[in-house]
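Comments concern the structure below.
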Amino acid sequence: MSAKIERDAEGRKQARYAPWLLLVPGLLWLLWFFYLPLYSLFRMSLSTKPSRFAVPEFGWAWSNYSQAFSQYGAQFQRSFTYALAATIAALLIAYPIAYVIAFRGGRYRNVLLGLVVVPFFTNFLIRTLAWKTILGNQGPLISLLHTIGVLGPNETLLRTPIAVIGGLTYNFLPFMVLPIYVSLEKIDPRLLDAARDLYSNTWRGFRKIIIPLSLPGVFAGSLLVFIPAAGDFVNSYYLGNAKTTMIGSVVQDQFLVQNNYPIAAALSFVFIAIVMVVVAIYSRLLGTEEIA
Amino acid sequence: MSAVVGGAKKQREQYGTVTSPAGKLGRFVINLFAAGGLLYLFLPIFVIVAFSFNQPVGRFNAVWNKFTFENWLHPFADQALVDALLLSLKVALLSTAVATVIGTFMAIGLVRYRFKGGGLVNFLLVLPLTAPEIVLGASLLTLFLAPTMLLFNISFSLGFATIVIAHIMFLVSYVALTVRARLRGFDWTLEDAAMDLGANPTRTFWRVTLPLITPGILAAALLSFALSIDDFIITYFVSGPSTTTFPVRIFGQSRTATPPQINVLSTMILLVSISILAIGTLVSARRTKRDTA
């Protein structure tokens with residue numbers, strides 16, 4: 001009765017117009033509210049705005065970029081350093097969690113995964129404020145560290161780079177755990193049996209089988225932690241000091257407090273350009289499938 | 001490859017836990033690390049819940065003073081905070097609904113058809129996910145501020161509409177990619193079967209395709225809701241001075257005061273989320289049991 005429908009190996013139909021009907025609403029939304037804003041951000045980054053209340057005017061003002069770099073180079077460097085440190089710390093904390101859930105979780109695996117996600121049902125700001133309480137000078141942690149002598153009597157935790165990096169690590173940790181878990185979960189345990197049958201010891205089996213096969217998850221997780229960590233300003237605001245400001249702090253301040261749109265736009269544009277380059281290299285090497 | 005993975009899954013279902021490759025000592029150490037990691041994840045949560053029972057000294061609920069039920073007896077005492085929470089719920093419901101519909105359309109379009117330009121669409125879809133929130137917020141703000149360069153000459157004043165627009169924007173990619181991942185491996189020949197049996201395309205979609213892909217769509221919608229209600233950075237840029245969501249309210253207020261009601265409301269949200277998660281787990285566990293029985 002119906003015509004025979006041609007499908008390829010994955011069951012997809014060959015079609016020219018039908019998919020676009022489905023794609024158009026979403027694509028329009030993204031073009032209008034993601035891609036067009038990027039263009040307007042770029043335009044703004046080349047505009048001039050002589051005073052706080054003046055209307056910005058477009059004028060190929062490339063000097064905004066040199067000004068952004070010379071004034072805020074330190075924040076750029078700091079953002080990427082902190083984000084890198086947070087990514088490494090998150091990897092070290094997340095890998096054992098993902099590993100234990102994948103290989104030792106048994107029938108409690110979904111419950112354990114749920115436990116990883118549950119803390120993130122409270123708001124991001126409230127979690128960070130809680131860290132402020134924990135690390136604060138009247139908190140329990142600081143007196144413990146003073147007692148056992150890890151910190152000198154006048155040293156504090158709050159308002160230090162360590163606190164900011166710790167906050168970043170904490171807030172983006174699930175983005176590391178989940179992709180690593182997904183790639184570990186796919187590993188066929190028979191590969192490990194095979195390694196054992198061939199007289200490989202456990203460490204070697206881990207190094208030669210588990211680590212390489214979990215790399216896609218590690219790479220995806222690293223991007224998912226690194227990008228938001230580099231762009232964050234909340235952790236630096238609550239847990240840091242004037243010397244821990246990051247690029248997000250500057251963009252936020254220039255945009256929303258100083259109303260210095262062109263400089264803020266130039267900063268954001270350089271920032272997103274760097275991130276895009278990182279992402280492009282990553283996805284070239286490893287594909288974008290795992291990020292999604 | 002999929003046969004191998006299937007084998008792994010089956011083996012796991014049979015034996016429960018797969019033997020970990022680590023030795024006894026290694027196993028102990030790694031378990032210890034994982035337990036420590038989980039503790040680290042929950043540490044701030046314990047603090048948030050504990051401080052919902054604190055009687056703060058002064059305006060900041062940051063130092064432990066005295067146990068009290070007072071805050072829980074008056075959870076809605078801070079009217080502005082409650083209003084902000086209600087606004088957040090409204091924004092999340094509306095943007096989740098819209099993003100789920102158009103994102104699901106995109107996922108179906110991408111998985112179901114082979115067509116020219118699919119790679120480009122994929123790229124356009126992934127890019128917003130890799131953009132830092134601060135840039136999303138900043139660029140949208142420049143669009144909303146610019147009076148001359150908008151499509152269709154529509155101008156925006158910052159507020160509820162711009163927040164919803166922004167949330168839909170960052171949710172669409174999440175929904176499309178989550179649903180697409182669930183649709184991989186969907187057996188599209190079921191549609192052919194329905195049509196061979198005389199169902200028209202509309203009926204086929206509503207009676208065959210949609211029920212089968214609903215779990216994936218629901219998962220995407222839940223994720224969207226959580227992301228929307230939690231979003232601070234983008235919302236902060238596009239909300240304007242007079243429209244305040246829950247996170248924006250907390251940020252603005254945290255300079256001058258942190259009332260304990262913040263902790264009470266957070267604990268409530270946490271309890272509701274855990275219940276939803278638990279119910280979901282139970283339902284899916286029962287379903288697997290029924291299917292395998």
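Each chain of the structure tokens is named A, B, ... in the order shown, its residues numbered from 1; ligands are numbered from 1 in display order.
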12 Å contact set for Leu171 in chain B, only C-alpha atoms, chain neighbours under 2 positions out, as a PDB file with C-alpha atoms, in the first residue's frame:
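Full text of result.pdb as output:
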```
ATOM      1  CA  GLY A  26      15.293  25.927  16.664  1.00  0.00           C
ATOM      2  CA  TRP A  29      16.123  30.872  17.616  1.00  0.00           C
ATOM      3  CA  LEU A  30      19.840  30.081  17.708  1.00  0.00           C
ATOM      4  CA  PHE A  33      19.683  34.837  19.923  1.00  0.00           C
ATOM      5  CA  PHE A  34      23.101  33.228  19.761  1.00  0.00           C
TER       6      PHE A  34
ATOM      7  CA  ALA B  92      11.785  27.715  34.096  1.00  0.00           C
ATOM      8  CA  LEU B  94       7.892  28.523  30.173  1.00  0.00           C
ATOM      9  CA  SER B  95      11.409  28.216  28.771  1.00  0.00           C
ATOM     10  CA  THR B  96      11.517  24.455  29.384  1.00  0.00           C
ATOM     11  CA  ALA B  97       8.227  23.996  27.537  1.00  0.00           C
ATOM     12  CA  VAL B  98       9.321  25.985  24.484  1.00  0.00           C
ATOM     13  CA  ALA B  99      12.880  24.625  24.405  1.00  0.00           C
ATOM     14  CA  THR B 100      11.701  21.028  24.778  1.00  0.00           C
ATOM     15  CA  VAL B 101       9.339  21.323  21.819  1.00  0.00           C
ATOM     16  CA  ILE B 102      11.708  23.024  19.384  1.00  0.00           C
ATOM     17  CA  GLY B 103      14.730  21.063  20.605  1.00  0.00           C
ATOM     18  CA  THR B 104      12.909  17.745  20.144  1.00  0.00           C
ATOM     19  CA  LEU B 125      23.918  23.309  17.592  1.00  0.00           C
ATOM     20  CA  VAL B 126      27.075  22.339  19.481  1.00  0.00           C
ATOM     21  CA  PRO B 128      26.400  27.449  21.941  1.00  0.00           C
ATOM     22  CA  LEU B 129      27.164  24.665  24.432  1.00  0.00           C
ATOM     23  CA  VAL B 164      12.896  33.624  28.874  1.00  0.00           C
ATOM     24  CA  ILE B 165      14.415  34.275  25.439  1.00  0.00           C
ATOM     25  CA  ALA B 166      17.913  33.755  26.845  1.00  0.00           C
ATOM     26  CA  HIS B 167      16.965  30.591  28.704  1.00  0.00           C
ATOM     27  CA  ILE B 168      15.302  29.047  25.665  1.00  0.00           C
ATOM     28  CA  MET B 169      18.442  29.862  23.670  1.00  0.00           C
ATOM     29  CA  SER B 173      21.011  22.825  22.275  1.00  0.00           C
ATOM     30  CA  TYR B 174      20.869  20.757  25.474  1.00  0.00           C
ATOM     31  CA  VAL B 175      17.447  19.382  24.593  1.00  0.00           C
ATOM     32  CA  ALA B 176      18.322  18.665  20.961  1.00  0.00           C
ATOM     33  CA  LEU B 177      21.516  16.827  21.852  1.00  0.00           C
ATOM     34  CA  THR B 178      20.023  14.883  24.790  1.00  0.00           C
ATOM     35  CA  ALA B 220      15.705  16.453  28.535  1.00  0.00           C
ATOM     36  CA  ALA B 221      12.852  18.511  29.994  1.00  0.00           C
ATOM     37  CA  LEU B 222      13.917  17.747  33.576  1.00  0.00           C
ATOM     38  CA  LEU B 223      17.503  18.691  32.785  1.00  0.00           C
ATOM     39  CA  SER B 224      16.296  21.929  31.168  1.00  0.00           C
ATOM     40  CA  PHE B 225      14.152  22.819  34.141  1.00  0.00           C
ATOM     41  CA  ALA B 226      17.064  22.286  36.517  1.00  0.00           C
ATOM     42  CA  LEU B 227      19.442  24.310  34.337  1.00  0.00           C
ATOM     43  CA  SER B 228      16.975  27.153  33.942  1.00  0.00           C
ATOM     44  CA  ILE B 229      16.121  27.470  37.612  1.00  0.00           C
ATOM     45  CA  ASP B 231      21.067  29.851  35.995  1.00  0.00           C
TER      46      ASP B 231
END
```
**Prompt:** range 234-239 of chain B: which residues within 8 Å, counting only C-alpha atoms, same-chain residues fewer than 5 positions away excluded, as an MDAnalysis selection string?
**Reply:** (chainID A and resid 256) or (chainID B and resid 133:134 136:138 140:141 158:160 162:163 166:167 244:245 248)
**Request:** Residues of chain A no more than 7 Å from chain B, counting only C-alpha atoms: send them over as a ChimeraX atom specification.
**Result:** /A:1-2,11-16,19,22-23,25-26,29-30,33-34,37-38,40-41,93,96-97,100,103-107,116,118-119,121-125,127,130-131,133,138,186,188-189,192,202-203,206,227-228,231,248,268,272,292
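CA of Pro262 in chain A lies 9.4 Å from CA of Phe58 in chain A.
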**Request:** Taking the chain letters and numbering used in this document, name the residues of range 40-131 of chain B that DSSP puts in helix (DSSP H, G or I), as number ranges by chain.
**Result:** B: 40-51, 70-73, 79-112, 118-130
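Among the candidate residues A:Val24, A:Leu157, A:Ile165, A:Val279, the one lying nearest to Pro140 in chain A is A:Leu157, with distances computed using only C-alpha atoms.
Across the model, the gap from CA of Leu89 in chain B to CA of Leu28 in chain A is 25.6 Å.
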**Request:** Might you pull out every residue within 7 Å of Val251 in chain A, with only C-alpha atoms counted and same-chain residues fewer than 3 positions away left off, and present them as a PyMOL selection string?
**Result:** chain A and resi 247-248+254-255+264+267-268
